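Okay, coords_21.pdb now, which holds PDB, C-alpha atoms, pLDDT in the B column:
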```
ATOM      1  CA  MET A 691      -1.304 -35.510  19.616  1.00 48.00           C
ATOM      2  CA  ASP A 692      -3.651 -33.012  18.015  1.00 62.00           C
ATOM      3  CA  TRP A 693      -2.225 -30.239  15.948  1.00 72.00           C
ATOM      4  CA  LYS A 694      -2.335 -26.947  17.760  1.00 82.00           C
ATOM      5  CA  ARG A 695      -4.737 -24.311  16.511  1.00 91.00           C
ATOM      6  CA  MET A 696      -2.781 -21.477  14.997  1.00 94.00           C
ATOM      7  CA  LEU A 697      -3.422 -17.874  14.043  1.00 97.00           C
ATOM      8  CA  HIS A 698      -1.098 -16.466  11.388  1.00 97.00           C
ATOM      9  CA  THR A 699      -0.839 -12.688  11.095  1.00 97.00           C
ATOM     10  CA  VAL A 700       0.763 -11.057   8.060  1.00 97.00           C
ATOM     11  CA  ASN A 701       1.531  -7.326   7.720  1.00 97.00           C
ATOM     12  CA  LYS A 702       3.261  -6.897   4.345  1.00 97.00           C
ATOM     13  CA  SER A 703       1.610  -6.315   0.976  1.00 97.00           C
ATOM     14  CA  PRO A 704       1.896  -9.225  -1.485  1.00 96.00           C
ATOM     15  CA  THR A 705       3.868  -7.031  -3.885  1.00 94.00           C
ATOM     16  CA  GLU A 706       6.420  -5.857  -1.320  1.00 91.00           C
ATOM     17  CA  SER A 707       7.156  -9.232   0.245  1.00 93.00           C
ATOM     18  CA  ASP A 708       6.464 -12.945  -0.328  1.00 92.00           C
ATOM     19  CA  LYS A 709       5.580 -13.470   3.346  1.00 94.00           C
ATOM     20  CA  LEU A 710       1.859 -13.932   2.715  1.00 96.00           C
ATOM     21  CA  GLU A 711       2.527 -16.476  -0.020  1.00 94.00           C
ATOM     22  CA  THR A 712       4.924 -18.328   2.293  1.00 92.00           C
ATOM     23  CA  CYS A 713       2.511 -18.140   5.213  1.00 94.00           C
ATOM     24  CA  LEU A 714      -0.238 -19.757   3.117  1.00 95.00           C
ATOM     25  CA  ARG A 715       2.085 -22.679   2.327  1.00 91.00           C
ATOM     26  CA  PHE A 716       2.473 -23.286   6.068  1.00 89.00           C
ATOM     27  CA  THR A 717      -1.190 -22.882   6.926  1.00 93.00           C
ATOM     28  CA  GLN A 718      -3.065 -26.079   7.869  1.00 91.00           C
ATOM     29  CA  ALA A 719      -6.746 -26.960   8.116  1.00 93.00           C
ATOM     30  CA  GLY A 720      -8.290 -25.304  11.165  1.00 93.00           C
ATOM     31  CA  HIS A 721      -5.832 -22.420  11.081  1.00 95.00           C
ATOM     32  CA  ALA A 722      -6.769 -18.772  10.666  1.00 97.00           C
ATOM     33  CA  VAL A 723      -4.907 -16.131   8.681  1.00 98.00           C
ATOM     34  CA  LEU A 724      -5.359 -12.464   9.564  1.00 98.00           C
ATOM     35  CA  LEU A 725      -4.273  -9.704   7.190  1.00 98.00           C
ATOM     36  CA  ILE A 726      -3.185  -6.540   9.037  1.00 98.00           C
ATOM     37  CA  GLU A 727      -1.400  -3.281   8.139  1.00 98.00           C
ATOM     38  CA  ASN A 728      -0.098  -3.378   4.542  1.00 98.00           C
ATOM     39  CA  ALA A 729      -1.199  -6.992   4.067  1.00 98.00           C
ATOM     40  CA  VAL A 730      -4.786  -5.730   3.765  1.00 98.00           C
ATOM     41  CA  TYR A 731      -3.999  -4.766   0.136  1.00 97.00           C
ATOM     42  CA  ALA A 732      -3.983  -8.513  -0.563  1.00 97.00           C
ATOM     43  CA  ALA A 733      -7.739  -8.561   0.120  1.00 97.00           C
ATOM     44  CA  LEU A 734      -8.437  -6.538  -3.049  1.00 97.00           C
ATOM     45  CA  ALA A 735     -10.340  -8.768  -5.472  1.00 94.00           C
ATOM     46  CA  GLU A 736      -7.741  -7.890  -8.091  1.00 92.00           C
ATOM     47  CA  SER A 737      -4.335  -8.282  -6.436  1.00 90.00           C
ATOM     48  CA  ALA A 738      -1.170 -10.316  -6.808  1.00 87.00           C
ATOM     49  CA  MET A 739      -2.909 -12.901  -4.583  1.00 92.00           C
ATOM     50  CA  ALA A 740      -5.962 -13.424  -6.802  1.00 88.00           C
ATOM     51  CA  GLY A 741      -6.386 -17.148  -7.422  1.00 89.00           C
ATOM     52  CA  GLN A 742      -3.904 -18.103  -4.694  1.00 92.00           C
ATOM     53  CA  TRP A 743      -6.243 -18.181  -1.686  1.00 96.00           C
ATOM     54  CA  PRO A 744      -7.108 -21.492   0.005  1.00 94.00           C
ATOM     55  CA  ASP A 745     -10.540 -22.695  -1.156  1.00 91.00           C
ATOM     56  CA  LYS A 746     -13.512 -23.111   1.152  1.00 87.00           C
ATOM     57  CA  SER A 747     -12.950 -26.864   1.614  1.00 92.00           C
ATOM     58  CA  SER A 748      -9.434 -26.245   2.997  1.00 94.00           C
ATOM     59  CA  GLY A 749     -10.666 -25.502   6.535  1.00 94.00           C
ATOM     60  CA  ILE A 750      -8.586 -22.327   6.535  1.00 96.00           C
ATOM     61  CA  THR A 751     -10.318 -19.039   7.303  1.00 97.00           C
ATOM     62  CA  VAL A 752      -8.854 -15.745   6.121  1.00 98.00           C
ATOM     63  CA  TYR A 753      -9.675 -12.512   7.945  1.00 98.00           C
ATOM     64  CA  VAL A 754      -8.815  -8.870   7.298  1.00 98.00           C
ATOM     65  CA  LEU A 755      -8.657  -6.068   9.866  1.00 98.00           C
ATOM     66  CA  THR A 756     -11.298  -3.447   9.007  1.00 98.00           C
ATOM     67  CA  PRO A 757      -9.583  -0.369  10.567  1.00 98.00           C
ATOM     68  CA  ASP A 758      -6.520  -1.073   8.394  1.00 98.00           C
ATOM     69  CA  LEU A 759      -8.753  -1.324   5.303  1.00 98.00           C
ATOM     70  CA  ALA A 760     -10.316   2.045   6.192  1.00 98.00           C
ATOM     71  CA  ALA A 761      -6.935   3.714   6.724  1.00 98.00           C
ATOM     72  CA  ARG A 762      -5.904   2.730   3.210  1.00 98.00           C
ATOM     73  CA  GLY A 763      -9.116   3.755   1.446  1.00 97.00           C
ATOM     74  CA  LEU A 764     -10.132   0.152   0.698  1.00 97.00           C
ATOM     75  CA  LEU A 765     -13.442  -0.127   2.590  1.00 95.00           C
ATOM     76  CA  GLY A 766     -15.723   0.653  -0.348  1.00 91.00           C
ATOM     77  CA  ARG A 767     -13.646  -1.287  -2.846  1.00 95.00           C
ATOM     78  CA  ASP A 768     -14.098  -4.671  -4.462  1.00 95.00           C
ATOM     79  CA  LEU A 769     -12.646  -7.182  -1.982  1.00 96.00           C
ATOM     80  CA  HIS A 770     -12.262 -10.969  -2.167  1.00 96.00           C
ATOM     81  CA  PRO A 771     -15.674 -12.389  -1.133  1.00 95.00           C
ATOM     82  CA  ASP A 772     -14.325 -15.207   1.077  1.00 95.00           C
ATOM     83  CA  ILE A 773     -12.187 -12.943   3.266  1.00 97.00           C
ATOM     84  CA  ARG A 774     -13.986 -11.961   6.468  1.00 97.00           C
ATOM     85  CA  GLN A 775     -13.702  -8.459   7.898  1.00 98.00           C
ATOM     86  CA  ILE A 776     -13.082  -8.150  11.637  1.00 98.00           C
ATOM     87  CA  ASP A 777     -12.463  -5.238  14.011  1.00 98.00           C
ATOM     88  CA  TYR A 778     -10.068  -4.977  16.992  1.00 98.00           C
ATOM     89  CA  PRO A 779     -12.306  -6.998  19.407  1.00 98.00           C
ATOM     90  CA  GLY A 780     -12.497  -9.670  16.686  1.00 98.00           C
ATOM     91  CA  PHE A 781      -8.678  -9.702  16.510  1.00 98.00           C
ATOM     92  CA  VAL A 782      -8.523 -10.253  20.290  1.00 98.00           C
ATOM     93  CA  ARG A 783     -11.083 -13.055  20.020  1.00 98.00           C
ATOM     94  CA  LEU A 784      -9.005 -14.784  17.308  1.00 97.00           C
ATOM     95  CA  VAL A 785      -5.942 -14.592  19.573  1.00 97.00           C
ATOM     96  CA  THR A 786      -7.818 -16.176  22.471  1.00 97.00           C
ATOM     97  CA  GLU A 787      -9.374 -18.891  20.285  1.00 96.00           C
ATOM     98  CA  ASN A 788      -6.034 -20.121  18.972  1.00 96.00           C
ATOM     99  CA  ASP A 789      -3.258 -21.906  20.879  1.00 92.00           C
ATOM    100  CA  VAL A 790      -0.425 -20.196  19.045  1.00 91.00           C
ATOM    101  CA  VAL A 791      -0.088 -16.880  17.255  1.00 94.00           C
ATOM    102  CA  GLN A 792       2.532 -16.603  14.561  1.00 92.00           C
ATOM    103  CA  SER A 793       3.433 -13.143  13.224  1.00 94.00           C
ATOM    104  CA  TRP A 794       5.046 -13.507   9.831  1.00 95.00           C
TER     105      TRP A 794
ATOM    106  CA  MET B 162      24.944  30.129 -11.762  1.00 55.00           C
ATOM    107  CA  SER B 163      21.507  28.626 -11.664  1.00 68.00           C
ATOM    108  CA  THR B 164      20.685  26.625  -8.561  1.00 85.00           C
ATOM    109  CA  LYS B 165      17.567  25.195 -10.117  1.00 92.00           C
ATOM    110  CA  LYS B 166      17.704  21.433 -10.536  1.00 94.00           C
ATOM    111  CA  ARG B 167      15.387  18.913 -12.075  1.00 96.00           C
ATOM    112  CA  ILE B 168      14.534  16.575  -9.232  1.00 97.00           C
ATOM    113  CA  MET B 169      12.518  13.379  -9.605  1.00 97.00           C
ATOM    114  CA  ILE B 170      11.057  11.710  -6.527  1.00 97.00           C
ATOM    115  CA  VAL B 171       9.985   8.096  -7.058  1.00 97.00           C
ATOM    116  CA  ASN B 172       7.557   6.476  -4.599  1.00 97.00           C
ATOM    117  CA  HIS B 173       7.432   2.671  -4.322  1.00 96.00           C
ATOM    118  CA  ARG B 174       5.721   1.977  -0.990  1.00 96.00           C
ATOM    119  CA  PRO B 175       2.190   2.041   0.400  1.00 97.00           C
ATOM    120  CA  PRO B 176       1.238   5.096   2.520  1.00 97.00           C
ATOM    121  CA  HIS B 177       1.335   3.528   5.990  1.00 96.00           C
ATOM    122  CA  GLY B 178       3.472   0.952   7.807  1.00 94.00           C
ATOM    123  CA  THR B 179       6.738   2.806   7.175  1.00 94.00           C
ATOM    124  CA  LEU B 180       7.626   6.517   7.158  1.00 95.00           C
ATOM    125  CA  HIS B 181       8.802   6.460   3.532  1.00 96.00           C
ATOM    126  CA  ALA B 182       5.657   7.975   2.003  1.00 97.00           C
ATOM    127  CA  TRP B 183       5.457  10.710   4.618  1.00 97.00           C
ATOM    128  CA  GLU B 184       9.164  11.620   4.333  1.00 97.00           C
ATOM    129  CA  SER B 185       8.953  11.630   0.552  1.00 98.00           C
ATOM    130  CA  LEU B 186       5.958  13.974   0.603  1.00 98.00           C
ATOM    131  CA  ASP B 187       7.814  16.265   3.001  1.00 97.00           C
ATOM    132  CA  LEU B 188      10.845  16.375   0.702  1.00 97.00           C
ATOM    133  CA  THR B 189       8.655  16.893  -2.368  1.00 98.00           C
ATOM    134  CA  LEU B 190       6.886  19.931  -0.904  1.00 98.00           C
ATOM    135  CA  THR B 191      10.146  21.351   0.474  1.00 97.00           C
ATOM    136  CA  ALA B 192      11.923  21.043  -2.873  1.00 97.00           C
ATOM    137  CA  ALA B 193       8.986  22.694  -4.615  1.00 97.00           C
ATOM    138  CA  ALA B 194       8.922  25.501  -2.023  1.00 96.00           C
ATOM    139  CA  PHE B 195      12.568  26.182  -2.932  1.00 95.00           C
ATOM    140  CA  GLU B 196      11.469  26.463  -6.553  1.00 94.00           C
ATOM    141  CA  GLN B 197      13.167  23.351  -7.819  1.00 96.00           C
ATOM    142  CA  GLU B 198      11.693  21.670 -10.869  1.00 96.00           C
ATOM    143  CA  VAL B 199      10.061  18.701  -9.197  1.00 98.00           C
ATOM    144  CA  SER B 200       8.624  15.577 -10.794  1.00 98.00           C
ATOM    145  CA  VAL B 201       6.840  12.997  -8.660  1.00 98.00           C
ATOM    146  CA  VAL B 202       6.403   9.380  -9.701  1.00 97.00           C
ATOM    147  CA  PHE B 203       4.226   6.703  -8.099  1.00 98.00           C
ATOM    148  CA  MET B 204       5.019   3.134  -9.096  1.00 97.00           C
ATOM    149  CA  GLY B 205       4.502  -0.353  -7.632  1.00 95.00           C
ATOM    150  CA  ASP B 206       2.770  -0.219  -4.240  1.00 97.00           C
ATOM    151  CA  GLY B 207       3.462   3.535  -4.262  1.00 97.00           C
ATOM    152  CA  VAL B 208       0.284   4.055  -6.282  1.00 97.00           C
ATOM    153  CA  PHE B 209      -1.676   3.232  -3.107  1.00 98.00           C
ATOM    154  CA  GLN B 210      -0.494   6.560  -1.630  1.00 98.00           C
ATOM    155  CA  LEU B 211      -2.893   8.403  -3.946  1.00 98.00           C
ATOM    156  CA  LEU B 212      -5.955   6.240  -3.275  1.00 97.00           C
ATOM    157  CA  ALA B 213      -9.037   8.278  -2.318  1.00 95.00           C
ATOM    158  CA  ASP B 214     -11.097   7.804   0.886  1.00 95.00           C
ATOM    159  CA  GLN B 215      -8.249   6.963   3.273  1.00 97.00           C
ATOM    160  CA  ASP B 216      -9.545   7.178   6.850  1.00 97.00           C
ATOM    161  CA  THR B 217      -6.798   6.665   9.443  1.00 96.00           C
ATOM    162  CA  SER B 218      -8.908   7.660  12.473  1.00 95.00           C
ATOM    163  CA  GLN B 219      -8.883   4.102  13.857  1.00 95.00           C
ATOM    164  CA  ILE B 220      -5.144   3.448  13.544  1.00 94.00           C
ATOM    165  CA  ASN B 221      -3.859   6.578  15.328  1.00 92.00           C
ATOM    166  CA  ILE B 222      -1.891   7.840  12.365  1.00 91.00           C
ATOM    167  CA  LYS B 223      -2.249  11.272  10.808  1.00 92.00           C
ATOM    168  CA  ASN B 224      -3.980  11.108   7.445  1.00 95.00           C
ATOM    169  CA  PHE B 225      -1.588  12.995   5.188  1.00 96.00           C
ATOM    170  CA  ALA B 226      -3.301  11.970   1.939  1.00 96.00           C
ATOM    171  CA  PRO B 227      -5.154  15.329   1.585  1.00 96.00           C
ATOM    172  CA  ALA B 228      -1.721  16.998   1.327  1.00 97.00           C
ATOM    173  CA  TYR B 229      -1.309  15.534  -2.182  1.00 98.00           C
ATOM    174  CA  ARG B 230      -4.034  17.973  -3.212  1.00 96.00           C
ATOM    175  CA  THR B 231      -1.627  20.845  -2.410  1.00 97.00           C
ATOM    176  CA  PHE B 232       0.703  19.787  -5.246  1.00 97.00           C
ATOM    177  CA  ARG B 233      -1.087  22.279  -7.489  1.00 94.00           C
ATOM    178  CA  ASP B 234      -0.530  25.117  -4.978  1.00 96.00           C
ATOM    179  CA  TYR B 235       3.171  24.270  -4.887  1.00 96.00           C
ATOM    180  CA  ASP B 236       3.222  24.376  -8.669  1.00 95.00           C
ATOM    181  CA  ILE B 237       4.066  20.666  -8.860  1.00 97.00           C
ATOM    182  CA  ARG B 238       2.647  19.802 -12.263  1.00 95.00           C
ATOM    183  CA  HIS B 239       4.700  16.770 -13.196  1.00 98.00           C
ATOM    184  CA  VAL B 240       2.917  13.933 -11.387  1.00 98.00           C
ATOM    185  CA  TYR B 241       3.309  10.539 -13.027  1.00 98.00           C
ATOM    186  CA  VAL B 242       1.733   7.196 -12.238  1.00 98.00           C
ATOM    187  CA  GLU B 243       2.986   3.977 -13.768  1.00 96.00           C
ATOM    188  CA  LYS B 244       0.107   2.622 -15.833  1.00 96.00           C
ATOM    189  CA  GLU B 245       0.987  -1.053 -15.294  1.00 94.00           C
ATOM    190  CA  ALA B 246       1.151  -0.627 -11.499  1.00 95.00           C
ATOM    191  CA  LEU B 247      -2.422   0.678 -11.392  1.00 95.00           C
ATOM    192  CA  ALA B 248      -3.707  -2.024 -13.722  1.00 94.00           C
ATOM    193  CA  ARG B 249      -2.064  -4.838 -11.734  1.00 92.00           C
ATOM    194  CA  ARG B 250      -3.921  -3.628  -8.642  1.00 94.00           C
ATOM    195  CA  GLY B 251      -7.304  -3.351 -10.339  1.00 93.00           C
ATOM    196  CA  LEU B 252      -7.224   0.462 -10.067  1.00 95.00           C
ATOM    197  CA  SER B 253      -7.776   3.287 -12.521  1.00 96.00           C
ATOM    198  CA  SER B 254      -6.986   6.996 -12.427  1.00 96.00           C
ATOM    199  CA  ASP B 255     -10.604   7.619 -11.303  1.00 96.00           C
ATOM    200  CA  ASP B 256      -9.704   5.991  -7.963  1.00 96.00           C
ATOM    201  CA  LEU B 257      -6.995   8.570  -7.213  1.00 97.00           C
ATOM    202  CA  LEU B 258      -7.122  11.777  -5.160  1.00 96.00           C
ATOM    203  CA  ILE B 259      -5.554  14.005  -7.802  1.00 97.00           C
ATOM    204  CA  ASP B 260      -5.161  14.280 -11.553  1.00 96.00           C
ATOM    205  CA  VAL B 261      -2.057  12.458 -12.731  1.00 97.00           C
ATOM    206  CA  ASN B 262      -0.254  11.626 -15.946  1.00 98.00           C
ATOM    207  CA  LEU B 263      -0.473   7.904 -16.663  1.00 98.00           C
ATOM    208  CA  VAL B 264       2.779   6.738 -18.197  1.00 97.00           C
ATOM    209  CA  ASP B 265       4.215   3.439 -19.346  1.00 95.00           C
ATOM    210  CA  THR B 266       7.656   2.123 -18.505  1.00 90.00           C
ATOM    211  CA  GLY B 267       9.218   3.489 -21.679  1.00 92.00           C
ATOM    212  CA  ALA B 268       7.974   7.024 -21.043  1.00 94.00           C
ATOM    213  CA  LEU B 269       9.200   6.846 -17.424  1.00 93.00           C
ATOM    214  CA  CYS B 270      12.654   5.730 -18.574  1.00 88.00           C
ATOM    215  CA  ARG B 271      12.827   8.717 -20.895  1.00 92.00           C
ATOM    216  CA  LEU B 272      11.703  11.118 -18.144  1.00 94.00           C
ATOM    217  CA  MET B 273      14.385   9.724 -15.829  1.00 92.00           C
ATOM    218  CA  THR B 274      17.113  10.523 -18.321  1.00 90.00           C
ATOM    219  CA  GLU B 275      16.040  14.178 -18.283  1.00 93.00           C
ATOM    220  CA  GLN B 276      16.625  14.646 -14.526  1.00 94.00           C
ATOM    221  CA  ASP B 277      19.569  16.040 -12.553  1.00 93.00           C
ATOM    222  CA  ILE B 278      18.687  14.123  -9.382  1.00 94.00           C
ATOM    223  CA  ILE B 279      16.511  11.021  -8.876  1.00 93.00           C
ATOM    224  CA  LEU B 280      15.509   9.915  -5.375  1.00 96.00           C
ATOM    225  CA  HIS B 281      13.753   6.625  -4.602  1.00 94.00           C
ATOM    226  CA  PHE B 282      11.531   6.080  -1.555  1.00 96.00           C
TER     227      PHE B 282
END
```

Target encoding structure tokens, full file:
Amino acid sequence: MDWKRMLHTVNKSPTESDKLETCLRFTQAGHAVLLIENAVYAALAESAMAGQWPDKSSGITVYVLTPDLAARGLLGRDLHPDIRQIDYPGFVRLVTENDVVQSW
Amino acid sequence: MSTKKRIMIVNHRPPHGTLHAWESLDLTLTAAAFEQEVSVVFMGDGVFQLLADQDTSQINIKNFAPAYRTFRDYDIRHVYVEKEALARRGLSSDDLLIDVNLVDTGALCRLMTEQDIILHF
């Protein structure tokens, strides 16, 4: 049986909770991780998560929700280059593309 | 009898996602309006509360960040930011909405011992 495609959403900053770190340990190739709400702070190039992201060959894609970046004043800041910014329609598309959504 | 107290309000959380930052700001301004001697501290993720350019128009939450600029009008002059917390997040005082005093852990400890009341949010 094929592994199901999974979207992981995380909403806590990496310095207030270890949920993102834990989520990444459970993330498999082909999965997507979406940073929302306070988890968007993790997308800062210099954050507690620097150096802990899955590399490009892992088959894991990491996204960040742009409206939540804007709300926190992070849009013009130095963000991790491999993290893709998406808007609300992009969020919906990710949900429809994956078999399971897991909210950490 | 003097009713004036030295009150320190310590902020640990980011601005949105919980009501802590908003409630803390409310208490800070209220205490200052009642002429208490207020000190405000931002440490850990709390430093994100002061980040410039917050635009909450797409998340349906009131942007209360501009209210930090009223600290001066309320005569709140003791605003401290933990130096290490900024550095760990790749930020500097230039990224913040208002002028602050950057302090290290030792200086913060000393300031805490000078207070009558310390409240953590």

- Message: If we count all atoms listed in the file and set the cut-off at 9 Å, which residues sit around segment 164-180 of chain B, ignoring sequence neighbours fewer than 5 positions away in its own chain? Please answer as a ChimeraX atom specification.
- Response: /A:701-703,706,727-728,761-762 /B:185,188-189,192,195-211,222,225-226,272-273,275-282

Hey, what comes out of the PyMOL selection byres ((chain A) within 12 of (chain B)) on this file? Could you write it as a short mmCIF file (atom, residue, chain, number, x, y, z; two decimals) with C-alpha atoms, in the frame of the given file?
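The file below, part05.cif, is the result:
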```cif
data_model
loop_
_atom_site.label_atom_id
_atom_site.label_comp_id
_atom_site.auth_asym_id
_atom_site.auth_seq_id
_atom_site.Cartn_x
_atom_site.Cartn_y
_atom_site.Cartn_z
CA ASN A 701 1.53 -7.33 7.72
CA LYS A 702 3.26 -6.90 4.34
CA SER A 703 1.61 -6.32 0.98
CA PRO A 704 1.90 -9.22 -1.48
CA THR A 705 3.87 -7.03 -3.88
CA GLU A 706 6.42 -5.86 -1.32
CA SER A 707 7.16 -9.23 0.24
CA ILE A 726 -3.18 -6.54 9.04
CA GLU A 727 -1.40 -3.28 8.14
CA ASN A 728 -0.10 -3.38 4.54
CA ALA A 729 -1.20 -6.99 4.07
CA VAL A 730 -4.79 -5.73 3.76
CA TYR A 731 -4.00 -4.77 0.14
CA ALA A 732 -3.98 -8.51 -0.56
CA ALA A 733 -7.74 -8.56 0.12
CA LEU A 734 -8.44 -6.54 -3.05
CA ALA A 735 -10.34 -8.77 -5.47
CA GLU A 736 -7.74 -7.89 -8.09
CA SER A 737 -4.34 -8.28 -6.44
CA ALA A 738 -1.17 -10.32 -6.81
CA MET A 739 -2.91 -12.90 -4.58
CA ALA A 740 -5.96 -13.42 -6.80
CA LEU A 755 -8.66 -6.07 9.87
CA THR A 756 -11.30 -3.45 9.01
CA PRO A 757 -9.58 -0.37 10.57
CA ASP A 758 -6.52 -1.07 8.39
CA LEU A 759 -8.75 -1.32 5.30
CA ALA A 760 -10.32 2.04 6.19
CA ALA A 761 -6.94 3.71 6.72
CA ARG A 762 -5.90 2.73 3.21
CA GLY A 763 -9.12 3.76 1.45
CA LEU A 764 -10.13 0.15 0.70
CA LEU A 765 -13.44 -0.13 2.59
CA GLY A 766 -15.72 0.65 -0.35
CA ARG A 767 -13.65 -1.29 -2.85
CA ASP A 768 -14.10 -4.67 -4.46
CA LEU A 769 -12.65 -7.18 -1.98
CA ASP A 777 -12.46 -5.24 14.01
CA TYR A 778 -10.07 -4.98 16.99
#
```

- Message: Quick check, in Å to one decimal: how far apart do atom CA of His698 of chain A and atom CA of Leu247 of chain B lie?
- Response: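 Between these atoms lies a distance of 28.5 Å.
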
- Item | Who sits within 12 Å of Leu697 of chain A, all atoms listed in the file, same chain under 3 positions skipped, as an MDAnalysis selection string | chainID A and resid 694 700 713:714 716:725 750:753 781:794

Could those residues be written to a file, using C-alpha atoms, as an mmCIF file, keeping the file's coordinate frame?
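Saved as selection_13.cif:
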```cif
data_model
loop_
_atom_site.group_PDB
_atom_site.id
_atom_site.type_symbol
_atom_site.label_atom_id
_atom_site.label_comp_id
_atom_site.auth_asym_id
_atom_site.auth_seq_id
_atom_site.Cartn_x
_atom_site.Cartn_y
_atom_site.Cartn_z
ATOM 1 C CA LYS A 694 -2.335 -26.947 17.760
ATOM 2 C CA VAL A 700 0.763 -11.057 8.060
ATOM 3 C CA CYS A 713 2.511 -18.140 5.213
ATOM 4 C CA LEU A 714 -0.238 -19.757 3.117
ATOM 5 C CA PHE A 716 2.473 -23.286 6.068
ATOM 6 C CA THR A 717 -1.190 -22.882 6.926
ATOM 7 C CA GLN A 718 -3.065 -26.079 7.869
ATOM 8 C CA ALA A 719 -6.746 -26.960 8.116
ATOM 9 C CA GLY A 720 -8.290 -25.304 11.165
ATOM 10 C CA HIS A 721 -5.832 -22.420 11.081
ATOM 11 C CA ALA A 722 -6.769 -18.772 10.666
ATOM 12 C CA VAL A 723 -4.907 -16.131 8.681
ATOM 13 C CA LEU A 724 -5.359 -12.464 9.564
ATOM 14 C CA LEU A 725 -4.273 -9.704 7.190
ATOM 15 C CA ILE A 750 -8.586 -22.327 6.535
ATOM 16 C CA THR A 751 -10.318 -19.039 7.303
ATOM 17 C CA VAL A 752 -8.854 -15.745 6.121
ATOM 18 C CA TYR A 753 -9.675 -12.512 7.945
ATOM 19 C CA PHE A 781 -8.678 -9.702 16.510
ATOM 20 C CA VAL A 782 -8.523 -10.253 20.290
ATOM 21 C CA ARG A 783 -11.083 -13.055 20.020
ATOM 22 C CA LEU A 784 -9.005 -14.784 17.308
ATOM 23 C CA VAL A 785 -5.942 -14.592 19.573
ATOM 24 C CA THR A 786 -7.818 -16.176 22.471
ATOM 25 C CA GLU A 787 -9.374 -18.891 20.285
ATOM 26 C CA ASN A 788 -6.034 -20.121 18.972
ATOM 27 C CA ASP A 789 -3.258 -21.906 20.879
ATOM 28 C CA VAL A 790 -0.425 -20.196 19.045
ATOM 29 C CA VAL A 791 -0.088 -16.880 17.255
ATOM 30 C CA GLN A 792 2.532 -16.603 14.561
ATOM 31 C CA SER A 793 3.433 -13.143 13.224
ATOM 32 C CA TRP A 794 5.046 -13.507 9.831
#
```

- Task: Can you give me, as number ranges by chain, the residues this file yields under the PyMOL selection byres ((chain B and resi 261) around 12)?
- Result: B: 200-203, 208, 211-212, 229-230, 232-233, 237-244, 247, 253-260, 262-264

- Between atom CA of Pro779 of chain A and atom CA of Asp745 of chain A, distance in Å (one decimal):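 Atom CA of Pro779 of chain A sits 25.9 Å away from atom CA of Asp745 of chain A.
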
- Message: One decimal, in Å: what's the spacing between atom CA of Thr191 of chain B and atom CA of Asp265 of chain B?
- Response: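 The value is 27.4 Å.
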
Would you compute the box with edges along x, y and z of the file around segment 725-731 of chain A, including every atom the file lists for it and 6 Å extra on each side, and give its centre and edge lengths in Å to one decimal, as lines of an AutoDock Vina configuration file?
```
center_x = -2.4
center_y = -6.5
center_z = 4.6
size_x = 16.7
size_y = 18.4
size_z = 20.9
```
